[in-house]
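Quick look at query_32.pdb (PDB, C-alpha atoms and all ligand atoms):
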MODEL        1
ATOM      1  CA  GLN A 273      87.888  84.202 112.596  1.00  0.00           C
ATOM      2  CA  ARG A 274      87.238  85.395 109.079  1.00  0.00           C
ATOM      3  CA  SER A 275      85.241  83.447 106.592  1.00  0.00           C
ATOM      4  CA  GLY A 276      87.200  82.217 103.607  1.00  0.00           C
ATOM      5  CA  PRO A 277      88.414  79.119 101.825  1.00  0.00           C
ATOM      6  CA  LEU A 278      90.041  77.843 105.018  1.00  0.00           C
ATOM      7  CA  SER A 279      87.028  78.413 107.287  1.00  0.00           C
ATOM      8  CA  GLY A 280      86.588  75.492 109.661  1.00  0.00           C
ATOM      9  CA  ARG A 281      90.172  74.334 109.137  1.00  0.00           C
ATOM     10  CA  HIS A 282      92.840  74.271 111.824  1.00  0.00           C
ATOM     11  CA  VAL A 283      96.386  74.962 110.680  1.00  0.00           C
ATOM     12  CA  LEU A 284      99.463  74.675 112.839  1.00  0.00           C
ATOM     13  CA  VAL A 285     102.504  76.828 112.091  1.00  0.00           C
ATOM     14  CA  THR A 286     105.902  76.685 113.786  1.00  0.00           C
ATOM     15  CA  ALA A 287     108.156  79.720 113.525  1.00  0.00           C
ATOM     16  CA  GLY A 288     111.297  81.360 114.813  1.00  0.00           C
ATOM     17  CA  PRO A 289     114.461  79.897 116.271  1.00  0.00           C
ATOM     18  CA  THR A 290     114.739  77.817 119.402  1.00  0.00           C
ATOM     19  CA  HIS A 291     117.015  78.664 122.299  1.00  0.00           C
ATOM     20  CA  GLU A 292     118.830  75.775 123.920  1.00  0.00           C
ATOM     21  CA  PRO A 293     120.149  76.724 127.359  1.00  0.00           C
ATOM     22  CA  ILE A 294     123.729  76.047 128.430  1.00  0.00           C
ATOM     23  CA  ASP A 295     123.313  77.605 131.856  1.00  0.00           C
ATOM     24  CA  PRO A 296     120.882  80.190 133.313  1.00  0.00           C
ATOM     25  CA  VAL A 297     122.304  83.016 131.193  1.00  0.00           C
ATOM     26  CA  ARG A 298     123.661  81.371 128.030  1.00  0.00           C
ATOM     27  CA  TYR A 299     122.071  79.527 125.151  1.00  0.00           C
ATOM     28  CA  LEU A 300     122.629  78.167 121.635  1.00  0.00           C
ATOM     29  CA  ALA A 301     120.486  79.766 118.937  1.00  0.00           C
ATOM     30  CA  ASN A 302     120.397  80.748 115.264  1.00  0.00           C
ATOM     31  CA  ARG A 303     119.608  83.799 113.133  1.00  0.00           C
ATOM     32  CA  SER A 304     115.971  83.026 112.329  1.00  0.00           C
ATOM     33  CA  SER A 305     113.757  86.110 112.819  1.00  0.00           C
ATOM     34  CA  GLY A 306     110.432  84.272 112.610  1.00  0.00           C
ATOM     35  CA  ARG A 307     109.203  86.675 109.904  1.00  0.00           C
ATOM     36  CA  GLN A 308     108.347  84.096 107.260  1.00  0.00           C
ATOM     37  CA  GLY A 309     106.463  81.863 109.691  1.00  0.00           C
ATOM     38  CA  TYR A 310     104.521  84.755 111.237  1.00  0.00           C
ATOM     39  CA  ALA A 311     103.579  85.978 107.753  1.00  0.00           C
ATOM     40  CA  ILE A 312     102.354  82.491 106.828  1.00  0.00           C
ATOM     41  CA  ALA A 313     100.291  82.250 110.011  1.00  0.00           C
ATOM     42  CA  ALA A 314      98.704  85.647 109.281  1.00  0.00           C
ATOM     43  CA  ALA A 315      98.015  84.741 105.632  1.00  0.00           C
ATOM     44  CA  LEU A 316      96.321  81.484 106.655  1.00  0.00           C
ATOM     45  CA  ALA A 317      94.176  83.340 109.215  1.00  0.00           C
ATOM     46  CA  ALA A 318      93.229  85.862 106.516  1.00  0.00           C
ATOM     47  CA  LEU A 319      91.839  82.937 104.494  1.00  0.00           C
ATOM     48  CA  GLY A 320      89.628  81.957 107.433  1.00  0.00           C
ATOM     49  CA  ALA A 321      91.737  79.243 109.061  1.00  0.00           C
ATOM     50  CA  ARG A 322      91.921  78.792 112.809  1.00  0.00           C
ATOM     51  CA  VAL A 323      95.670  79.107 113.272  1.00  0.00           C
ATOM     52  CA  THR A 324      97.900  77.965 116.103  1.00  0.00           C
ATOM     53  CA  LEU A 325     101.313  79.611 115.826  1.00  0.00           C
ATOM     54  CA  VAL A 326     103.935  77.887 117.954  1.00  0.00           C
ATOM     55  CA  SER A 327     106.813  80.323 118.128  1.00  0.00           C
ATOM     56  CA  GLY A 328     110.334  80.236 119.477  1.00  0.00           C
ATOM     57  CA  PRO A 329     111.790  83.455 120.894  1.00  0.00           C
ATOM     58  CA  THR A 330     111.355  86.341 118.418  1.00  0.00           C
ATOM     59  CA  ALA A 331     111.134  90.119 118.570  1.00  0.00           C
ATOM     60  CA  LEU A 332     107.831  90.052 116.646  1.00  0.00           C
ATOM     61  CA  PRO A 333     104.414  90.874 118.097  1.00  0.00           C
ATOM     62  CA  SER A 334     101.869  88.035 118.098  1.00  0.00           C
ATOM     63  CA  PRO A 335      99.767  88.392 114.932  1.00  0.00           C
ATOM     64  CA  PRO A 336      96.186  89.438 115.660  1.00  0.00           C
ATOM     65  CA  GLY A 337      93.347  86.963 115.205  1.00  0.00           C
ATOM     66  CA  LEU A 338      95.201  83.757 115.982  1.00  0.00           C
ATOM     67  CA  ALA A 339      96.559  81.803 118.938  1.00  0.00           C
ATOM     68  CA  THR A 340     100.288  82.219 119.531  1.00  0.00           C
ATOM     69  CA  VAL A 341     102.018  79.796 121.887  1.00  0.00           C
ATOM     70  CA  ARG A 342     105.491  81.003 122.851  1.00  0.00           C
ATOM     71  CA  VAL A 343     108.174  78.488 123.708  1.00  0.00           C
ATOM     72  CA  GLU A 344     111.914  78.548 124.165  1.00  0.00           C
ATOM     73  CA  THR A 345     113.411  75.130 123.396  1.00  0.00           C
ATOM     74  CA  ALA A 346     112.881  72.485 120.712  1.00  0.00           C
ATOM     75  CA  ARG A 347     111.441  70.097 123.282  1.00  0.00           C
ATOM     76  CA  GLN A 348     108.935  72.699 124.438  1.00  0.00           C
ATOM     77  CA  MET A 349     108.039  73.375 120.795  1.00  0.00           C
ATOM     78  CA  MET A 350     107.428  69.655 120.275  1.00  0.00           C
ATOM     79  CA  THR A 351     105.108  69.502 123.309  1.00  0.00           C
ATOM     80  CA  ALA A 352     103.190  72.603 122.198  1.00  0.00           C
ATOM     81  CA  VAL A 353     102.770  71.131 118.706  1.00  0.00           C
ATOM     82  CA  GLU A 354     101.485  67.836 120.120  1.00  0.00           C
ATOM     83  CA  GLN A 355      99.028  69.717 122.311  1.00  0.00           C
ATOM     84  CA  ALA A 356      97.753  71.703 119.326  1.00  0.00           C
ATOM     85  CA  LEU A 357      96.787  68.574 117.347  1.00  0.00           C
ATOM     86  CA  PRO A 358      94.622  67.620 115.564  1.00  0.00           C
ATOM     87  CA  ALA A 359      95.227  69.949 112.633  1.00  0.00           C
ATOM     88  CA  ASP A 360      94.261  69.822 108.960  1.00  0.00           C
ATOM     89  CA  ALA A 361      97.643  71.136 107.880  1.00  0.00           C
ATOM     90  CA  ALA A 362     100.984  71.924 109.487  1.00  0.00           C
ATOM     91  CA  VAL A 363     103.618  74.329 108.228  1.00  0.00           C
ATOM     92  CA  CYS A 364     106.948  73.810 109.978  1.00  0.00           C
ATOM     93  CA  CYS A 365     108.795  77.024 109.394  1.00  0.00           C
ATOM     94  CA  ALA A 366     110.760  77.096 112.644  1.00  0.00           C
ATOM     95  CA  ALA A 367     114.541  76.927 112.571  1.00  0.00           C
ATOM     96  CA  VAL A 368     114.657  74.310 115.303  1.00  0.00           C
ATOM     97  CA  ALA A 369     118.090  73.735 116.843  1.00  0.00           C
ATOM     98  CA  ASP A 370     119.277  70.297 115.779  1.00  0.00           C
ATOM     99  CA  TRP A 371     121.259  69.848 118.983  1.00  0.00           C
ATOM    100  CA  ARG A 372     121.043  70.975 122.570  1.00  0.00           C
ATOM    101  CA  PRO A 373     123.562  70.867 125.405  1.00  0.00           C
ATOM    102  CA  GLU A 374     123.246  67.493 127.120  1.00  0.00           C
ATOM    103  CA  THR A 375     123.063  69.094 130.548  1.00  0.00           C
ATOM    104  CA  VAL A 376     122.106  72.583 131.643  1.00  0.00           C
ATOM    105  CA  ALA A 377     124.303  73.946 134.421  1.00  0.00           C
ATOM    106  CA  GLU A 378     122.270  75.026 137.417  1.00  0.00           C
ATOM    107  CA  ASN A 379     124.450  78.078 137.945  1.00  0.00           C
ATOM    108  CA  LYS A 380     126.353  80.300 135.550  1.00  0.00           C
ATOM    109  CA  THR A 381     129.549  78.482 134.564  1.00  0.00           C
ATOM    110  CA  LYS A 382     132.672  80.396 135.533  1.00  0.00           C
ATOM    111  CA  LYS A 383     136.246  80.613 134.346  1.00  0.00           C
ATOM    112  CA  ASP A 384     138.096  78.374 136.766  1.00  0.00           C
ATOM    113  CA  GLY A 385     141.624  78.554 135.312  1.00  0.00           C
ATOM    114  CA  LYS A 386     141.297  75.088 133.764  1.00  0.00           C
ATOM    115  CA  GLY A 387     140.249  76.416 130.377  1.00  0.00           C
ATOM    116  CA  PRO A 388     136.879  76.010 128.671  1.00  0.00           C
ATOM    117  CA  GLN A 389     134.932  72.809 129.253  1.00  0.00           C
ATOM    118  CA  PRO A 390     133.756  71.009 126.123  1.00  0.00           C
ATOM    119  CA  LEU A 391     130.054  71.389 125.391  1.00  0.00           C
ATOM    120  CA  LYS A 392     128.464  67.983 124.916  1.00  0.00           C
ATOM    121  CA  LEU A 393     125.487  68.109 122.562  1.00  0.00           C
ATOM    122  CA  VAL A 394     122.611  65.689 122.079  1.00  0.00           C
ATOM    123  CA  GLU A 395     120.059  65.582 119.285  1.00  0.00           C
ATOM    124  CA  ASN A 396     116.728  67.374 119.576  1.00  0.00           C
ATOM    125  CA  PRO A 397     113.459  65.745 118.515  1.00  0.00           C
ATOM    126  CA  ASP A 398     112.542  66.396 114.887  1.00  0.00           C
ATOM    127  CA  ILE A 399     109.102  68.026 114.986  1.00  0.00           C
ATOM    128  CA  LEU A 400     108.493  67.903 111.231  1.00  0.00           C
ATOM    129  CA  ALA A 401     109.445  64.220 110.991  1.00  0.00           C
ATOM    130  CA  SER A 402     107.269  63.249 113.966  1.00  0.00           C
ATOM    131  CA  LEU A 403     104.277  65.189 112.634  1.00  0.00           C
ATOM    132  CA  SER A 404     104.734  63.439 109.295  1.00  0.00           C
ATOM    133  CA  ALA A 405     104.696  60.064 111.037  1.00  0.00           C
ATOM    134  CA  ALA A 406     101.909  60.842 113.514  1.00  0.00           C
ATOM    135  CA  GLY A 407      99.543  58.145 112.256  1.00  0.00           C
ATOM    136  CA  ASP A 408      95.914  59.061 112.910  1.00  0.00           C
ATOM    137  CA  LEU A 409      97.017  62.479 114.120  1.00  0.00           C
ATOM    138  CA  ARG A 410      99.038  63.268 110.994  1.00  0.00           C
ATOM    139  CA  PRO A 411      97.731  66.477 109.405  1.00  0.00           C
ATOM    140  CA  ALA A 412      96.463  65.844 105.856  1.00  0.00           C
ATOM    141  CA  LEU A 413      99.094  68.261 104.550  1.00  0.00           C
ATOM    142  CA  VAL A 414     102.523  68.612 106.163  1.00  0.00           C
ATOM    143  CA  VAL A 415     104.837  71.310 104.813  1.00  0.00           C
ATOM    144  CA  GLY A 416     108.482  71.581 105.790  1.00  0.00           C
ATOM    145  CA  PHE A 417     111.096  74.217 105.090  1.00  0.00           C
ATOM    146  CA  ALA A 418     114.673  73.730 104.038  1.00  0.00           C
ATOM    147  CA  ALA A 419     117.144  76.497 104.679  1.00  0.00           C
ATOM    148  CA  GLU A 420     120.258  75.604 102.771  1.00  0.00           C
ATOM    149  CA  THR A 421     123.369  77.400 101.653  1.00  0.00           C
ATOM    150  CA  GLU A 422     124.259  75.121  98.715  1.00  0.00           C
ATOM    151  CA  THR A 423     122.630  72.781  96.145  1.00  0.00           C
ATOM    152  CA  VAL A 424     119.267  73.875  97.527  1.00  0.00           C
ATOM    153  CA  ALA A 425     116.950  71.830  95.301  1.00  0.00           C
ATOM    154  CA  ALA A 426     118.842  68.546  95.586  1.00  0.00           C
ATOM    155  CA  HIS A 427     119.010  68.780  99.355  1.00  0.00           C
ATOM    156  CA  ALA A 428     115.343  69.697  99.558  1.00  0.00           C
ATOM    157  CA  LYS A 429     114.305  66.685  97.484  1.00  0.00           C
ATOM    158  CA  ALA A 430     116.220  64.382  99.772  1.00  0.00           C
ATOM    159  CA  LYS A 431     114.615  66.107 102.752  1.00  0.00           C
ATOM    160  CA  LEU A 432     111.101  65.528 101.424  1.00  0.00           C
ATOM    161  CA  ALA A 433     111.756  61.798 101.454  1.00  0.00           C
ATOM    162  CA  ARG A 434     113.659  61.733 104.725  1.00  0.00           C
ATOM    163  CA  LYS A 435     111.110  63.734 106.700  1.00  0.00           C
ATOM    164  CA  GLY A 436     108.041  62.112 105.157  1.00  0.00           C
ATOM    165  CA  CYS A 437     106.313  65.455 104.573  1.00  0.00           C
ATOM    166  CA  ASP A 438     104.246  66.452 101.536  1.00  0.00           C
ATOM    167  CA  TRP A 439     105.940  69.660 100.420  1.00  0.00           C
ATOM    168  CA  ILE A 440     109.275  71.295 101.112  1.00  0.00           C
ATOM    169  CA  VAL A 441     109.679  75.035 100.737  1.00  0.00           C
ATOM    170  CA  ALA A 442     113.377  75.507 100.072  1.00  0.00           C
ATOM    171  CA  ASN A 443     115.324  78.718 100.329  1.00  0.00           C
ATOM    172  CA  ASP A 444     118.934  79.723  99.997  1.00  0.00           C
ATOM    173  CA  VAL A 445     120.076  81.331 103.217  1.00  0.00           C
ATOM    174  CA  SER A 446     123.660  82.077 102.152  1.00  0.00           C
ATOM    175  CA  PRO A 447     124.653  85.372 103.798  1.00  0.00           C
ATOM    176  CA  ALA A 448     124.924  87.075 100.375  1.00  0.00           C
ATOM    177  CA  THR A 449     121.186  86.558  99.741  1.00  0.00           C
ATOM    178  CA  GLY A 450     120.186  88.566 102.838  1.00  0.00           C
ATOM    179  CA  ILE A 451     117.217  86.214 103.236  1.00  0.00           C
ATOM    180  CA  MET A 452     117.742  84.951 106.764  1.00  0.00           C
ATOM    181  CA  GLY A 453     116.594  87.793 108.989  1.00  0.00           C
ATOM    182  CA  GLY A 454     115.593  89.876 105.944  1.00  0.00           C
ATOM    183  CA  THR A 455     112.188  90.809 104.525  1.00  0.00           C
ATOM    184  CA  GLU A 456     112.408  89.024 101.160  1.00  0.00           C
ATOM    185  CA  ASN A 457     112.513  85.398 100.187  1.00  0.00           C
ATOM    186  CA  ALA A 458     113.189  83.389  97.029  1.00  0.00           C
ATOM    187  CA  VAL A 459     111.770  79.905  97.368  1.00  0.00           C
ATOM    188  CA  GLN A 460     111.396  76.669  95.501  1.00  0.00           C
ATOM    189  CA  ILE A 461     108.437  74.409  96.208  1.00  0.00           C
ATOM    190  CA  ILE A 462     109.279  70.713  96.071  1.00  0.00           C
ATOM    191  CA  THR A 463     106.433  68.194  95.924  1.00  0.00           C
ATOM    192  CA  ALA A 464     106.080  64.628  94.705  1.00  0.00           C
ATOM    193  CA  ASN A 465     105.218  66.184  91.326  1.00  0.00           C
ATOM    194  CA  GLY A 466     108.396  68.186  90.908  1.00  0.00           C
ATOM    195  CA  ILE A 467     110.007  71.528  91.639  1.00  0.00           C
ATOM    196  CA  GLU A 468     108.680  75.011  91.087  1.00  0.00           C
ATOM    197  CA  SER A 469     110.750  78.167  91.518  1.00  0.00           C
ATOM    198  CA  TRP A 470     109.071  81.366  92.647  1.00  0.00           C
ATOM    199  CA  GLU A 471     110.644  84.704  91.877  1.00  0.00           C
ATOM    200  CA  ARG A 472     112.170  86.681  94.739  1.00  0.00           C
ATOM    201  CA  MET A 473     109.424  88.582  96.569  1.00  0.00           C
ATOM    202  CA  GLY A 474     108.488  89.876 100.014  1.00  0.00           C
ATOM    203  CA  LYS A 475     107.975  87.298 102.747  1.00  0.00           C
ATOM    204  CA  ASP A 476     104.341  88.488 102.976  1.00  0.00           C
ATOM    205  CA  ALA A 477     103.826  87.721  99.280  1.00  0.00           C
ATOM    206  CA  VAL A 478     105.415  84.271  99.666  1.00  0.00           C
ATOM    207  CA  ALA A 479     103.093  83.692 102.617  1.00  0.00           C
ATOM    208  CA  ARG A 480      99.945  84.673 100.684  1.00  0.00           C
ATOM    209  CA  ARG A 481     100.856  82.495  97.744  1.00  0.00           C
ATOM    210  CA  LEU A 482     101.634  79.552  99.991  1.00  0.00           C
ATOM    211  CA  ALA A 483      98.390  80.038 101.930  1.00  0.00           C
ATOM    212  CA  ASP A 484      96.449  79.985  98.636  1.00  0.00           C
ATOM    213  CA  ARG A 485      98.224  76.761  97.708  1.00  0.00           C
ATOM    214  CA  ILE A 486      97.386  75.213 101.049  1.00  0.00           C
ATOM    215  CA  ALA A 487      93.729  76.206 100.669  1.00  0.00           C
ATOM    216  CA  ALA A 488      93.655  74.623  97.212  1.00  0.00           C
ATOM    217  CA  ALA A 489      95.293  71.430  98.489  1.00  0.00           C
ATOM    218  CA  LEU A 490      92.778  71.156 101.322  1.00  0.00           C
ATOM    219  CA  GLY A 491      89.971  71.530  98.843  1.00  0.00           C
ATOM    220  CA  GLY A 492      89.077  75.213  98.942  1.00  0.00           C
ATOM    221  CA  GLY A 493      90.408  78.544  97.713  1.00  0.00           C
ATOM    222  CA  SER A 494      91.650  79.759  94.392  1.00  0.00           C
ATOM    223  CA  GLY A 495      95.067  78.145  94.590  1.00  0.00           C
ATOM    224  CA  ALA A 496      97.857  79.030  92.225  1.00  0.00           C
TER
HETATM  225  O1  LIG A 501     116.732  68.929 108.801  1.00  0.00           O
HETATM  226  P1  LIG A 501     116.462  70.394 108.691  1.00  0.00           P
HETATM  227  O2  LIG A 501     116.614  71.110 109.985  1.00  0.00           O
HETATM  228  O3  LIG A 501     117.210  71.082 107.597  1.00  0.00           O
HETATM  229  O4  LIG A 501     114.931  70.465 108.259  1.00  0.00           O
HETATM  230  C1  LIG A 501     114.257  71.663 108.228  1.00  0.00           C
HETATM  231  C2  LIG A 501     112.801  71.411 108.405  1.00  0.00           C
HETATM  232  O5  LIG A 501     112.564  70.523 109.492  1.00  0.00           O
HETATM  233  C3  LIG A 501     112.035  72.659 108.762  1.00  0.00           C
HETATM  234  O6  LIG A 501     110.707  72.523 108.290  1.00  0.00           O
HETATM  235  C4  LIG A 501     112.070  72.646 110.278  1.00  0.00           C
HETATM  236  O7  LIG A 501     111.005  73.400 110.819  1.00  0.00           O
HETATM  237  C5  LIG A 501     111.928  71.177 110.561  1.00  0.00           C
HETATM  238  N1  LIG A 501     112.596  70.713 111.800  1.00  0.00           N
HETATM  239  C6  LIG A 501     111.824  70.344 112.884  1.00  0.00           C
HETATM  240  N2  LIG A 501     112.439  69.878 114.021  1.00  0.00           N
HETATM  241  C7  LIG A 501     113.770  69.757 114.071  1.00  0.00           C
HETATM  242  C8  LIG A 501     114.564  70.126 112.975  1.00  0.00           C
HETATM  243  C9  LIG A 501     113.949  70.611 111.853  1.00  0.00           C
HETATM  244  O8  LIG A 501     110.597  70.454 112.826  1.00  0.00           O
HETATM  245  N3  LIG A 501     114.340  69.297 115.187  1.00  0.00           N
ENDMDL
END
Take the structure in the file and write it out as structure tokens.
Amino acid sequence: QRSGPLSGRHVLVTAGPTHEPIDPVRYLANRSSGRQGYAIAAALAALGARVTLVSGPTALPSPPGLATVRVETARQMMTAVEQALPADAAVCCAAVADWRPETVAENKTKKDGKGPQPLKLVENPDILASLSAAGDLRPALVVGFAAETETVAAHAKAKLARKGCDWIVANDVSPATGIMGGTENAVQIITANGIESWERMGKDAVARRLADRIAAALGGGSGA
């Protein structure tokens, strides 16, 4: 661990998509690459934090100098997050699947001439909302993300209240922006004090600026 404004602090970061199995070979997923979350984890470690990165399936190597816990499903991510507590701050960057198939077929489902069977979905646990309501175990600072394709700021404000977190980092993931899966991000930071828009920049730069902010909020670092 490096020394820095976050020395002695433990920060939890979730990143990547989750995979929700349908049967042994099929799953539901989304286009999250994990890049923004991995960059945030690395930036926090660079400021001296002890970082636990809980990651869904990604093609990215585990960042050096921090603990990466790899999981597949939302429920596994929830368990890994609970096991990583206590933490001084949590950054929930993962694109957690909202729903999972109610049952997972033991064997690969086959075409049986009767046409496709409907897929019954049930809701996954909300990791950000549970962390925000974790009582004594609630991290002092809980940061959520909002990937939206329309009226980004309005949705993000509502999300701040609904999830009970302290900040929402909102981004527009409409296909035309190239943000989801890409290397750049354009974010808005929503807090109880209002909304701030950051210019479009690399995901690494967003991560460094956010890490500085987190250090300042936890009572160290230069902040921005
Ligand atoms: O509700 P929505 O999925 O848009 O909220 C996004 C935020 O909530 C992100 O910070 C994401 O990591 C978090 N989330 C979560 N668990 C879920 C769904 C979303 O932690 N099941």
Sorted per-residue table, chain A near ligand LIG 501 (chain A), closest atoms and distance, 6 Å, all atoms listed in the file, as a tab-separated table:
residue	atom	partner	partner_atom	distance
A:Cys364	CA	A:LIG501	O7	4.2
A:Cys365	CA	A:LIG501	O7	4.5
A:Ala366	CA	A:LIG501	O7	4.1
A:Ala367	CA	A:LIG501	O7	5.3
A:Val368	CA	A:LIG501	C8	4.8
A:Asp370	CA	A:LIG501	N3	5.1
A:Asn396	CA	A:LIG501	N3	5.4
A:Pro397	CA	A:LIG501	N3	4.9
A:Asp398	CA	A:LIG501	N3	3.4
A:Ile399	CA	A:LIG501	O8	3.6
A:Leu400	CA	A:LIG501	O8	3.7
A:Gly416	CA	A:LIG501	O6	3.5
A:Phe417	CA	A:LIG501	O6	3.6
A:Ala418	CA	A:LIG501	C1	4.7
Closest-contact table, segment 344-380 of chain A side, partner segment 402-405 of chain A, 10 Å, counting all atoms listed in the file, as JSON lines:
{"residue": "A:Met350", "atom": "CA", "partner": "A:Ser402", "partner_atom": "CA", "distance": 9.0}
{"residue": "A:Val353", "atom": "CA", "partner": "A:Leu403", "partner_atom": "CA", "distance": 8.6}
{"residue": "A:Glu354", "atom": "CA", "partner": "A:Leu403", "partner_atom": "CA", "distance": 8.4}
{"residue": "A:Leu357", "atom": "CA", "partner": "A:Leu403", "partner_atom": "CA", "distance": 9.5}
{"residue": "A:Ala362", "atom": "CA", "partner": "A:Leu403", "partner_atom": "CA", "distance": 8.1}
{"residue": "A:Cys364", "atom": "CA", "partner": "A:Leu403", "partner_atom": "CA", "distance": 9.4}
Take the PyMOL selection byres (((chain A and resi 276-288) around 7) and not hetatm), apply it to the structure above, and return the hits as a PyMOL selection string.
chain A and resi 274-275+289-290+304-306+309-310+313+319-330+359-367+487+492-493
Determine the axis-aligned bounding box of all atoms of segment 326-334 of chain A present in the file, pad each side by 6 Å, and express its centre and edge lengths in Å to one decimal place as JSON.
{"center_x": 106.8, "center_y": 84.4, "center_z": 118.8, "size_x": 21.9, "size_y": 25.0, "size_z": 16.2}
Quick one: which residues end up in the PyMOL selection byres (((chain A and resi 454) around 12) and not hetatm) for this structure, as a list in words?
Arg303, Ser304, Ser305, Gly306, Arg307, Gln308, Val445, Ser446, Pro447, Ala448, Thr449, Gly450, Ile451, Met452, Gly453, Thr455, Glu456, Asn457, Ala458, Met473, Gly474, Lys475 and Asp476 of chain A
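Take the PyMOL selection byres (((chain A and resi 482) around 9) and not hetatm) and apply it to this file: it picks Ile312, Ala315, Leu316, Ala477, Val478, Ala479, Arg480, Arg481, Ala483, Asp484, Arg485, Ile486, Ala487, Gly495 and Ala496 of chain A.
Proximity to Ala489 of chain A was assessed for A:Ala346, A:Asp295, A:Lys383, A:Val415 counting all atoms listed in the file; the smallest distance is recorded for A:Val415.
Closest approach to Ala433 of chain A among A:Val459, A:Val297, A:Leu393, A:Ala464: A:Ala464, based on all atoms listed in the file.
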Counting only C-alpha atoms, figure out which residue out of A:Leu409, A:Ala331, A:Ala314, A:Ile461 gets nearest to Gln355 of chain A.
A:Leu409
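Shortest separation to Cys437 of chain A among A:Ala425, A:Leu391, A:Ala419, A:Val414 occurs at residue A:Val414, atoms counted being only C-alpha atoms.
Closest approach to Asn465 of chain A among A:Leu432, A:Val343, A:Ala442, A:Met349 is made by A:Leu432 (distances from only C-alpha atoms).
Compared by their closest atoms to Lys392 of chain A, and using only C-alpha atoms, the residues A:Arg372, A:Lys431, A:Arg298, A:Arg342 rank with A:Arg372 nearest.
Here atom CA of Thr463 of chain A stands at a distance of 9.0 Å from atom CA of Val441 of chain A.
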Leaving out Thr375 of chain A and any residue of its chain fewer than 2 positions from it, which residues lie within 8 Å of it when counting all atoms listed in the file, given as a PyMOL selection string?
chain A and resi 294+373+377+392
